[in-house]
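Structure file model_32.cif (mmCIF, C-alpha atoms) follows.
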```cif
data_input
#
loop_
_atom_site.group_PDB
_atom_site.id
_atom_site.type_symbol
_atom_site.label_atom_id
_atom_site.label_comp_id
_atom_site.auth_asym_id
_atom_site.auth_seq_id
_atom_site.Cartn_x
_atom_site.Cartn_y
_atom_site.Cartn_z
ATOM 1 C CA MET V 1 122.026 35.118 103.153
ATOM 2 C CA PRO V 2 119.806 32.385 101.693
ATOM 3 C CA ARG V 3 119.245 32.452 97.920
ATOM 4 C CA PRO V 4 115.655 33.098 96.818
ATOM 5 C CA SER V 5 113.724 30.000 95.966
ATOM 6 C CA LEU V 6 112.301 29.292 92.518
ATOM 7 C CA ALA V 7 108.812 29.781 93.932
ATOM 8 C CA THR V 8 109.770 33.266 95.139
ATOM 9 C CA LEU V 9 111.074 34.178 91.716
ATOM 10 C CA VAL V 10 107.903 32.932 90.046
ATOM 11 C CA VAL V 11 105.754 34.962 92.425
ATOM 12 C CA VAL V 12 107.838 38.075 91.756
ATOM 13 C CA LEU V 13 107.679 37.467 87.992
ATOM 14 C CA VAL V 14 103.893 37.114 88.056
ATOM 15 C CA ALA V 15 103.478 40.202 90.234
ATOM 16 C CA VAL V 16 105.699 42.356 88.044
ATOM 17 C CA SER V 17 104.091 41.076 84.860
ATOM 18 C CA THR V 18 100.614 41.726 86.214
ATOM 19 C CA ALA V 19 101.538 45.243 87.279
ATOM 20 C CA LEU V 20 103.064 46.032 83.895
ATOM 21 C CA PHE V 21 100.079 44.558 82.077
ATOM 22 C CA VAL V 22 97.673 46.674 84.093
ATOM 23 C CA ILE V 23 99.736 49.804 83.463
ATOM 24 C CA LEU V 24 100.365 49.239 79.762
ATOM 25 C CA ASP V 25 97.064 47.734 78.678
ATOM 26 C CA ARG V 26 94.544 49.758 80.629
ATOM 27 C CA PRO V 27 91.789 51.163 78.412
ATOM 28 C CA ASP V 28 91.599 54.903 78.617
ATOM 29 C CA GLU V 29 88.515 56.435 80.083
ATOM 30 C CA GLU V 30 86.738 59.414 78.652
ATOM 31 C CA PRO V 31 83.970 61.487 80.084
ATOM 32 C CA ALA V 32 80.775 60.402 78.393
ATOM 33 C CA PRO V 33 79.382 62.953 75.973
ATOM 34 C CA THR V 34 76.162 64.274 77.387
ATOM 35 C CA GLY V 35 72.945 64.448 75.458
ATOM 36 C CA PRO V 36 71.234 67.650 76.504
ATOM 37 C CA SER V 37 74.119 69.919 75.462
ATOM 38 C CA LEU V 38 73.233 69.953 71.782
ATOM 39 C CA MET V 39 73.001 72.758 69.242
ATOM 40 C CA ASP V 40 71.275 73.149 65.923
ATOM 41 C CA ARG V 41 73.234 74.307 62.871
ATOM 42 C CA GLU V 42 72.484 77.968 63.436
ATOM 43 C CA GLN V 43 73.762 77.786 67.002
ATOM 44 C CA MET V 44 76.826 75.857 65.884
ATOM 45 C CA LEU V 45 77.654 78.498 63.272
ATOM 46 C CA ALA V 46 77.140 81.271 65.836
ATOM 47 C CA GLU V 47 79.586 79.499 68.130
ATOM 48 C CA TYR V 48 82.056 79.149 65.258
ATOM 49 C CA HIS V 49 81.856 82.860 64.386
ATOM 50 C CA GLN V 50 82.080 83.888 68.013
ATOM 51 C CA LEU V 51 85.614 82.508 68.036
ATOM 52 C CA ALA V 52 86.684 82.787 64.389
ATOM 53 C CA ASP V 53 85.722 86.452 64.057
ATOM 54 C CA ARG V 54 87.908 87.412 67.019
ATOM 55 C CA TYR V 55 90.502 84.683 66.934
ATOM 56 C CA PRO V 56 93.228 85.455 69.465
ATOM 57 C CA HIS V 57 96.089 84.378 67.195
ATOM 58 C CA PRO V 58 96.933 85.287 63.604
ATOM 59 C CA LEU V 59 96.509 83.136 60.538
ATOM 60 C CA PRO V 60 99.238 82.795 57.893
ATOM 61 C CA ASP V 61 99.397 85.612 55.350
ATOM 62 C CA GLY V 62 96.601 85.401 52.834
ATOM 63 C CA VAL V 63 94.462 82.918 54.809
ATOM 64 C CA ARG V 64 91.016 83.833 56.132
ATOM 65 C CA PHE V 65 88.536 81.885 58.205
ATOM 66 C CA PRO V 66 85.734 80.486 56.034
ATOM 67 C CA ALA V 67 82.620 82.643 56.019
ATOM 68 C CA THR V 68 80.564 79.544 56.708
ATOM 69 C CA LEU V 69 80.913 75.777 57.005
ATOM 70 C CA PRO V 70 79.396 73.258 54.593
ATOM 71 C CA ALA V 71 75.999 71.901 55.552
ATOM 72 C CA PRO V 72 75.868 68.176 56.250
ATOM 73 C CA GLY V 73 73.836 65.989 53.965
ATOM 74 C CA GLN V 74 71.179 65.138 56.539
ATOM 75 C CA PRO V 75 69.482 66.769 59.551
ATOM 76 C CA THR V 76 72.163 67.122 62.203
ATOM 77 C CA VAL V 77 72.613 68.427 65.711
ATOM 78 C CA TYR V 78 75.964 69.227 67.273
ATOM 79 C CA GLU V 79 77.417 68.735 70.666
ATOM 80 C CA VAL V 80 78.235 72.046 72.332
ATOM 81 C CA GLY V 81 81.761 73.148 71.528
ATOM 82 C CA GLU V 82 81.829 71.838 67.990
ATOM 83 C CA GLY V 83 81.557 75.323 66.446
ATOM 84 C CA ARG V 84 84.584 76.540 68.375
ATOM 85 C CA ASN V 85 86.340 73.257 67.593
ATOM 86 C CA GLN V 86 86.050 74.022 63.901
ATOM 87 C CA ALA V 87 87.564 77.493 64.296
ATOM 88 C CA ASP V 88 90.462 76.005 66.267
ATOM 89 C CA SER V 89 90.880 73.159 63.813
ATOM 90 C CA PHE V 90 90.991 75.567 60.883
ATOM 91 C CA TRP V 91 93.625 77.670 62.655
ATOM 92 C CA ILE V 92 95.811 74.638 63.368
ATOM 93 C CA CYS V 93 95.353 73.326 59.836
ATOM 94 C CA ALA V 94 96.289 76.708 58.376
ATOM 95 C CA TRP V 95 99.618 76.644 60.180
ATOM 96 C CA ILE V 96 100.255 73.008 59.265
ATOM 97 C CA GLY V 97 99.713 73.929 55.622
ATOM 98 C CA GLU V 98 101.953 76.947 55.908
ATOM 99 C CA TRP V 99 104.746 74.985 57.594
ATOM 100 C CA LEU V 100 104.587 72.125 55.093
ATOM 101 C CA ALA V 101 104.756 74.605 52.239
ATOM 102 C CA VAL V 102 107.649 76.736 53.459
ATOM 103 C CA ARG V 103 109.662 74.433 55.689
ATOM 104 C CA SER V 104 112.439 74.037 53.118
ATOM 105 C CA GLU V 105 112.571 77.681 52.126
ATOM 106 C CA PRO V 106 115.122 80.174 53.416
ATOM 107 C CA GLY V 107 113.857 82.839 55.771
ATOM 108 C CA ASN V 108 111.882 82.670 58.985
ATOM 109 C CA ARG V 109 108.403 81.726 57.744
ATOM 110 C CA ALA V 110 108.915 78.073 58.659
ATOM 111 C CA ALA V 111 110.088 78.979 62.156
ATOM 112 C CA ILE V 112 107.079 81.248 62.646
ATOM 113 C CA ALA V 113 104.693 78.554 61.430
ATOM 114 C CA TRP V 114 106.319 75.972 63.667
ATOM 115 C CA SER V 115 106.105 78.233 66.695
ATOM 116 C CA TRP V 116 102.343 78.630 66.167
ATOM 117 C CA LEU V 117 101.923 74.902 65.738
ATOM 118 C CA GLN V 118 103.559 74.416 69.121
ATOM 119 C CA ARG V 119 100.694 76.431 70.567
ATOM 120 C CA ALA V 120 97.968 74.113 69.278
ATOM 121 C CA ASP V 121 97.765 72.789 72.823
ATOM 122 C CA GLU V 122 96.428 76.162 73.944
ATOM 123 C CA THR V 123 93.318 75.861 71.804
ATOM 124 C CA GLN V 124 89.970 74.876 73.250
ATOM 125 C CA LEU V 125 89.956 71.972 70.798
ATOM 126 C CA HIS V 126 93.080 70.450 72.314
ATOM 127 C CA ARG V 127 92.426 71.499 75.909
ATOM 128 C CA GLU V 128 88.796 70.439 76.188
ATOM 129 C CA HIS V 129 87.791 68.303 73.218
ATOM 130 C CA TYR V 130 90.877 66.306 72.324
ATOM 131 C CA ASP V 131 90.973 62.790 73.698
ATOM 132 C CA ASP V 132 94.612 61.876 73.405
ATOM 133 C CA PRO V 133 95.890 60.182 76.554
ATOM 134 C CA ARG V 134 98.829 58.611 74.752
ATOM 135 C CA ASP V 135 99.782 61.905 73.160
ATOM 136 C CA VAL V 136 99.505 60.722 69.572
ATOM 137 C CA TRP V 137 99.462 64.333 68.403
ATOM 138 C CA HIS V 138 102.958 65.010 69.715
ATOM 139 C CA GLN V 139 104.502 61.570 69.684
ATOM 140 C CA GLN V 140 103.374 60.337 66.285
ATOM 141 C CA ILE V 141 102.258 63.328 64.226
ATOM 142 C CA LEU V 142 103.919 66.634 65.172
ATOM 143 C CA GLY V 143 107.050 65.253 66.835
ATOM 144 C CA PRO V 144 108.295 63.195 63.866
ATOM 145 C CA ALA V 145 107.703 66.182 61.571
ATOM 146 C CA GLY V 146 109.960 68.282 63.759
ATOM 147 C CA ARG V 147 112.636 65.637 63.364
ATOM 148 C CA GLY V 148 112.300 65.622 59.579
ATOM 149 C CA ASP V 149 109.761 62.854 58.995
ATOM 150 C CA VAL V 150 106.727 64.743 57.695
ATOM 151 C CA ARG V 151 104.744 61.740 56.414
ATOM 152 C CA SER V 152 102.285 61.509 59.284
ATOM 153 C CA LEU V 153 101.745 65.278 59.523
ATOM 154 C CA ARG V 154 101.255 65.540 55.762
ATOM 155 C CA GLU V 155 98.742 62.678 55.870
ATOM 156 C CA PHE V 156 96.983 64.337 58.811
ATOM 157 C CA TYR V 157 96.761 67.551 56.765
ATOM 158 C CA SER V 158 95.479 65.707 53.731
ATOM 159 C CA THR V 159 92.871 63.861 55.795
ATOM 160 C CA SER V 160 91.583 66.359 58.328
ATOM 161 C CA CYS V 161 92.311 69.775 56.869
ATOM 162 C CA GLY V 162 89.995 69.795 53.875
ATOM 163 C CA TYR V 163 88.782 73.318 54.550
ATOM 164 C CA GLU V 164 87.960 75.775 51.821
ATOM 165 C CA GLY V 165 90.653 78.416 51.627
ATOM 166 C CA LEU V 166 93.586 76.266 52.680
ATOM 167 C CA ARG V 167 96.341 75.282 50.302
ATOM 168 C CA PRO V 168 96.076 71.715 48.979
ATOM 169 C CA ALA V 169 98.267 69.069 50.522
ATOM 170 C CA GLY V 170 101.452 68.860 48.504
ATOM 171 C CA SER V 171 104.258 66.361 48.398
ATOM 172 C CA ASP V 172 108.024 66.425 48.653
ATOM 173 C CA MET I 1 118.339 39.761 99.853
ATOM 174 C CA ARG I 2 120.348 42.209 97.782
ATOM 175 C CA THR I 3 120.593 39.613 95.052
ATOM 176 C CA LEU I 4 116.821 39.220 95.056
ATOM 177 C CA VAL I 5 116.359 42.975 94.718
ATOM 178 C CA ARG I 6 118.828 43.097 91.835
ATOM 179 C CA MET I 7 117.101 40.214 90.093
ATOM 180 C CA THR I 8 113.701 41.820 90.560
ATOM 181 C CA VAL I 9 114.891 45.138 89.177
ATOM 182 C CA ALA I 10 116.572 43.401 86.250
ATOM 183 C CA LEU I 11 113.470 41.367 85.532
ATOM 184 C CA ALA I 12 111.229 44.432 85.663
ATOM 185 C CA ALA I 13 113.577 46.339 83.361
ATOM 186 C CA ALA I 14 113.639 43.430 80.924
ATOM 187 C CA LEU I 15 109.861 43.205 80.895
ATOM 188 C CA VAL I 16 109.519 46.953 80.362
ATOM 189 C CA ALA I 17 111.999 46.794 77.490
ATOM 190 C CA LEU I 18 110.086 43.884 75.989
ATOM 191 C CA ALA I 19 106.755 45.663 76.316
ATOM 192 C CA VAL I 20 108.122 48.803 74.711
ATOM 193 C CA SER I 21 109.771 46.890 71.897
ATOM 194 C CA VAL I 22 106.581 45.078 70.915
ATOM 195 C CA THR I 23 104.405 48.213 71.000
ATOM 196 C CA PRO I 24 104.042 49.374 67.398
ATOM 197 C CA ALA I 25 105.110 52.912 66.628
ATOM 198 C CA HIS I 26 101.600 53.648 65.402
ATOM 199 C CA ALA I 27 99.698 52.110 68.270
ATOM 200 C CA ASN I 28 95.964 52.613 68.149
ATOM 201 C CA GLN I 29 94.091 53.416 71.301
ATOM 202 C CA LEU I 30 91.032 51.937 72.966
ATOM 203 C CA TRP I 31 88.523 54.290 74.529
ATOM 204 C CA ASN I 32 85.390 53.658 76.510
ATOM 205 C CA VAL I 33 82.727 55.885 75.014
ATOM 206 C CA GLY I 34 79.107 56.595 75.751
ATOM 207 C CA GLY I 35 76.407 59.185 75.847
ATOM 208 C CA THR I 36 72.895 59.766 74.627
ATOM 209 C CA LEU I 37 71.487 59.835 71.125
ATOM 210 C CA ASN I 38 68.752 62.106 69.888
ATOM 211 C CA THR I 39 65.323 60.491 70.166
ATOM 212 C CA SER I 40 64.081 62.463 67.170
ATOM 213 C CA GLY I 41 66.311 60.294 64.998
ATOM 214 C CA THR I 42 68.532 63.232 64.042
ATOM 215 C CA LEU I 43 72.251 62.658 63.589
ATOM 216 C CA ILE I 44 74.485 63.893 66.409
ATOM 217 C CA GLN I 45 78.000 65.121 65.746
ATOM 218 C CA TYR I 46 79.862 64.534 68.994
ATOM 219 C CA SER I 47 82.536 67.074 69.809
ATOM 220 C CA THR I 48 85.292 64.812 71.120
ATOM 221 C CA TRP I 49 88.136 64.473 68.617
ATOM 222 C CA ARG I 50 90.808 61.808 68.594
ATOM 223 C CA PRO I 51 94.105 62.000 66.741
ATOM 224 C CA HIS I 52 94.953 58.835 64.874
ATOM 225 C CA SER I 53 98.115 57.694 63.165
ATOM 226 C CA SER I 54 96.799 55.180 60.618
ATOM 227 C CA GLY I 55 95.160 51.799 61.062
ATOM 228 C CA VAL I 56 91.790 50.142 61.519
ATOM 229 C CA SER I 57 88.964 51.367 63.719
ATOM 230 C CA ASP I 58 86.514 49.065 65.481
ATOM 231 C CA PHE I 59 83.382 50.187 67.271
ATOM 232 C CA THR I 60 81.557 48.183 69.923
ATOM 233 C CA ILE I 61 78.182 48.814 71.512
ATOM 234 C CA SER I 62 77.724 47.258 74.945
ATOM 235 C CA ASN I 63 74.612 49.201 75.905
ATOM 236 C CA GLN I 64 72.236 49.734 73.001
ATOM 237 C CA VAL I 65 69.607 52.418 72.509
ATOM 238 C CA GLY I 66 66.015 51.912 71.352
ATOM 239 C CA CYS I 67 62.914 50.074 72.447
ATOM 240 C CA ALA I 68 62.288 46.436 73.196
ATOM 241 C CA GLY I 69 62.242 44.587 69.911
ATOM 242 C CA ASN I 70 63.659 47.541 68.008
ATOM 243 C CA ARG I 71 67.164 48.193 69.175
ATOM 244 C CA TRP I 72 69.605 49.580 66.651
ATOM 245 C CA SER I 73 71.941 52.485 66.152
ATOM 246 C CA ARG I 74 74.030 53.825 63.275
ATOM 247 C CA TRP I 75 77.535 55.159 63.575
ATOM 248 C CA GLY I 76 80.256 56.767 61.522
ATOM 249 C CA LEU I 77 83.413 58.829 61.777
ATOM 250 C CA ARG I 78 84.048 62.289 60.394
ATOM 251 C CA LYS I 79 87.525 63.667 59.821
ATOM 252 C CA ASP I 80 86.968 67.420 59.518
ATOM 253 C CA TYR I 81 84.149 69.767 58.736
ATOM 254 C CA SER I 82 83.175 68.440 55.364
ATOM 255 C CA SER I 83 79.588 67.928 54.336
ATOM 256 C CA SER I 84 79.932 64.161 54.199
ATOM 257 C CA GLN I 85 81.064 61.526 56.647
ATOM 258 C CA PHE I 86 84.492 59.990 56.080
ATOM 259 C CA THR I 87 83.466 56.409 56.806
ATOM 260 C CA LYS I 88 80.482 54.442 55.679
ATOM 261 C CA SER I 89 77.810 54.242 58.343
ATOM 262 C CA VAL I 90 77.641 50.995 60.253
ATOM 263 C CA GLN I 91 74.411 49.803 61.813
ATOM 264 C CA ILE I 92 74.538 47.799 65.018
ATOM 265 C CA ASN I 93 71.429 45.756 65.720
ATOM 266 C CA GLY I 94 70.404 44.149 68.987
ATOM 267 C CA GLU I 95 71.528 44.648 72.551
ATOM 268 C CA THR I 96 75.228 44.545 71.765
ATOM 269 C CA GLY I 97 77.385 44.345 68.702
ATOM 270 C CA ASN I 98 80.440 45.602 66.936
ATOM 271 C CA ALA I 99 81.594 46.736 63.522
ATOM 272 C CA ARG I 100 84.710 47.886 61.726
ATOM 273 C CA PHE I 101 84.650 51.254 60.005
ATOM 274 C CA SER I 102 85.614 51.553 56.353
ATOM 275 C CA ARG I 103 86.238 54.576 54.194
ATOM 276 C CA ALA I 104 83.226 55.830 52.280
ATOM 277 C CA ASP I 105 85.316 56.663 49.208
ATOM 278 C CA ASN I 106 87.165 53.397 48.615
ATOM 279 C CA GLY I 107 86.010 50.867 51.205
ATOM 280 C CA SER I 108 89.428 50.533 52.812
ATOM 281 C CA THR I 109 89.425 49.706 56.508
ATOM 282 C CA THR I 110 92.731 51.501 56.994
ATOM 283 C CA LEU I 111 91.989 54.999 58.170
ATOM 284 C CA PRO I 112 94.819 57.435 57.464
ATOM 285 C CA SER I 113 96.531 59.710 59.932
ATOM 286 C CA GLY I 114 94.123 62.440 60.940
ATOM 287 C CA GLN I 115 91.669 63.363 63.657
ATOM 288 C CA TYR I 116 88.295 61.710 63.957
ATOM 289 C CA ALA I 117 85.030 62.247 65.805
ATOM 290 C CA ILE I 118 81.932 60.091 66.154
ATOM 291 C CA ASN I 119 78.588 60.603 64.427
ATOM 292 C CA GLY I 120 75.619 58.633 65.721
ATOM 293 C CA ARG I 121 71.883 58.324 65.416
ATOM 294 C CA MET I 122 69.007 56.096 66.428
ATOM 295 C CA ALA I 123 65.418 55.606 65.312
ATOM 296 C CA ASN I 124 62.768 58.193 66.086
ATOM 297 C CA GLU I 125 61.728 56.573 69.347
ATOM 298 C CA THR I 126 60.060 58.317 72.216
ATOM 299 C CA GLY I 127 57.679 55.667 73.520
ATOM 300 C CA HIS I 128 57.501 54.075 76.938
ATOM 301 C CA GLY I 129 60.353 51.679 77.587
ATOM 302 C CA CYS I 130 62.652 53.281 75.045
ATOM 303 C CA ASP I 131 65.990 54.696 75.989
ATOM 304 C CA ASN I 132 68.632 56.712 74.227
ATOM 305 C CA THR I 133 71.601 56.040 76.482
ATOM 306 C CA TRP I 134 74.433 54.138 74.902
ATOM 307 C CA ALA I 135 77.856 52.869 75.905
ATOM 308 C CA GLY I 136 80.638 51.029 74.178
ATOM 309 C CA SER I 137 84.197 51.405 73.069
ATOM 310 C CA ILE I 138 86.143 52.508 70.055
ATOM 311 C CA TRP I 139 89.500 51.273 68.883
ATOM 312 C CA LEU I 140 91.102 53.990 66.806
#
```

Here is the file; what I need is its structure written in the form of structure tokens.
Amino acid sequence: MPRPSLATLVVVLVAVSTALFVILDRPDEEPAPTGPSLMDREQMLAEYHQLADRYPHPLPDGVRFPATLPAPGQPTVYEVGEGRNQADSFWICAWIGEWLAVRSEPGNRAAIAWSWLQRADETQLHREHYDDPRDVWHQQILGPAGRGDVRSLREFYSTSCGYEGLRPAGSD
Amino acid sequence: MRTLVRMTVALAAALVALAVSVTPAHANQLWNVGGTLNTSGTLIQYSTWRPHSSGVSDFTISNQVGCAGNRWSRWGLRKDYSSSQFTKSVQINGETGNARFSRADNGSTTLPSGQYAINGRMANETGHGCDNTWAGSIWL
């Protein structure tokens, strides 16, 4: 059996490298947001209440969906889905806050909160409006928290869960 | 031939290991984005959200909106449903361009872990030869 030549090895190296580069460095595509599917604030709030008022899953004890959402500082229109997104986002944030607050306490509240957080993927926000091809949510935010490193989840809560009615982000 | 196969497999495994080892734990992502802006000049809150695990965010326009001689657009990121945008607005002038987002509260270009969505607007332009279709990319 003849040994492979240096040229053969170089060709193989280039081919493998090219394939890996294409796989690892490919920009992720997203469907382009479309223009005509826009809502005014009243429609957005109606969409929010349509979901929030009959949310299919419970909130933590003592937490209620906000009666309204703050008005932006300038005239704004919203892409369809954003009202429901906010109801879903509030629900997820509520359970993040609950879990962060009780995770070190005895009892089953932390387990209950964690089990609801696992179901964030069932929300319309995550199913239809989350662009996360590399699974940052699980791999870098929720997953590390489940393994005891809550820094990224706590920062996420502090950054993106500034809703009225939710407990403030704490610290360990 | 078997030796060649072994060497190829070994080489591929080594390259995969190398690629994985040099990928930062908090790797940002690059997305192609695009859509249409509102020709009345009103801000649009797009409904696509992207989780982010800390780092900079760069925005590039490759297909600008507007009319000949007056092509610009303004962009920002929001982080939740607050009344104000999380980043300062960046204006991109001309046919193409790019900008780095910075926090509105302290100017830092490091955006913390969270989820972000794009805000965008253009001038009030409805004349002949104007268009409101845009395309670009965001690194987040």

Using all atoms listed in the file, what table do you get, as a tab-separated table, when you list each residue of chain I with an atom no more than 6 Å from chain V, its nearest pair of atoms, and their distance in Å rounded to one decimal, rows by chain then rising number?
```
residue	atom	partner	partner_atom	distance
I:Leu30	CA	V:Pro27	CA	5.6
I:Trp31	CA	V:Asp28	CA	5.2
I:Asn32	CA	V:Glu29	CA	5.5
I:Val33	CA	V:Ala32	CA	6.0
I:Gly34	CA	V:Ala32	CA	4.9
I:Gly35	CA	V:Pro33	CA	4.8
I:Thr36	CA	V:Gly35	CA	4.8
I:Thr42	CA	V:Thr76	CA	5.6
I:Leu43	CA	V:Thr76	CA	4.7
I:Ile44	CA	V:Val77	CA	5.0
I:Gln45	CA	V:Tyr78	CA	4.8
I:Tyr46	CA	V:Glu79	CA	5.1
I:Ser47	CA	V:Glu82	CA	5.1
I:Thr48	CA	V:His129	CA	4.8
I:Trp49	CA	V:Tyr130	CA	5.0
I:Arg50	CA	V:Asp131	CA	5.2
I:Lys79	CA	V:Ser160	CA	5.1
I:Asp80	CA	V:Ser160	CA	4.9
I:Ser83	CA	V:Pro72	CA	4.2
I:Ser113	CA	V:Phe156	CA	4.8
I:Gly114	CA	V:Phe156	CA	4.0
```

Exercise. Which one is closest to I:Ile118: I:Arg103, I:Lys88, I:Arg78, I:Arg71? Count all atoms listed in the file.
Worked result: I:Arg78

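Near I:Asn70, within 9 Å and counting only C-alpha atoms, sit Asn93, Gly94 and Ala123 of chain I; same-chain residues fewer than 6 positions away were not included.
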
Problem set entry | Local residues around (88.7, 57.1, 65.3), at most 6 Å away, using only C-alpha atoms, as a PyMOL selection string | chain I and resi 57+116+140

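Atom CA of I:Asn132 lies 28.4 Å from atom CA of I:Leu111.
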
Exercise. Got a sec: who's within 12 Å of V:Arg103, counting all atoms listed in the file, leaving out chain neighbours fewer than 4 positions off, as a PyMOL selection string?
Worked result: chain V and resi 95-99+107-114+145-146+148+150+172

Output C-alpha atoms of each residue in that selection to a file, as a CSV table (one decimal), in the frame of the given file.
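Result file follows (again_27.csv):
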```
chain,number,residue,atom,x,y,z
V,95,TRP,CA,99.6,76.6,60.2
V,96,ILE,CA,100.3,73.0,59.3
V,97,GLY,CA,99.7,73.9,55.6
V,98,GLU,CA,102.0,76.9,55.9
V,99,TRP,CA,104.7,75.0,57.6
V,107,GLY,CA,113.9,82.8,55.8
V,108,ASN,CA,111.9,82.7,59.0
V,109,ARG,CA,108.4,81.7,57.7
V,110,ALA,CA,108.9,78.1,58.7
V,111,ALA,CA,110.1,79.0,62.2
V,112,ILE,CA,107.1,81.2,62.6
V,113,ALA,CA,104.7,78.6,61.4
V,114,TRP,CA,106.3,76.0,63.7
V,145,ALA,CA,107.7,66.2,61.6
V,146,GLY,CA,110.0,68.3,63.8
V,148,GLY,CA,112.3,65.6,59.6
V,150,VAL,CA,106.7,64.7,57.7
V,172,ASP,CA,108.0,66.4,48.7
```

Problem set entry | Between atom CA of V:Pro56 and atom CA of V:Gln118 - distance in Å to one decimal | 15.1 Å

Exercise. Can you tell me, as a VMD selection string, what residues are no more than 9 Å from V:Thr68 when counting all atoms listed in the file, ignoring any on the same chain fewer than 2 positions away?
Worked result: chain V and resid 45 48 to 49 65 to 66 70 to 71

Seminar exercise, completed: Correct to one decimal, the distance atom CA of I:Thr39-atom CA of I:Thr87 is 22.9 Å
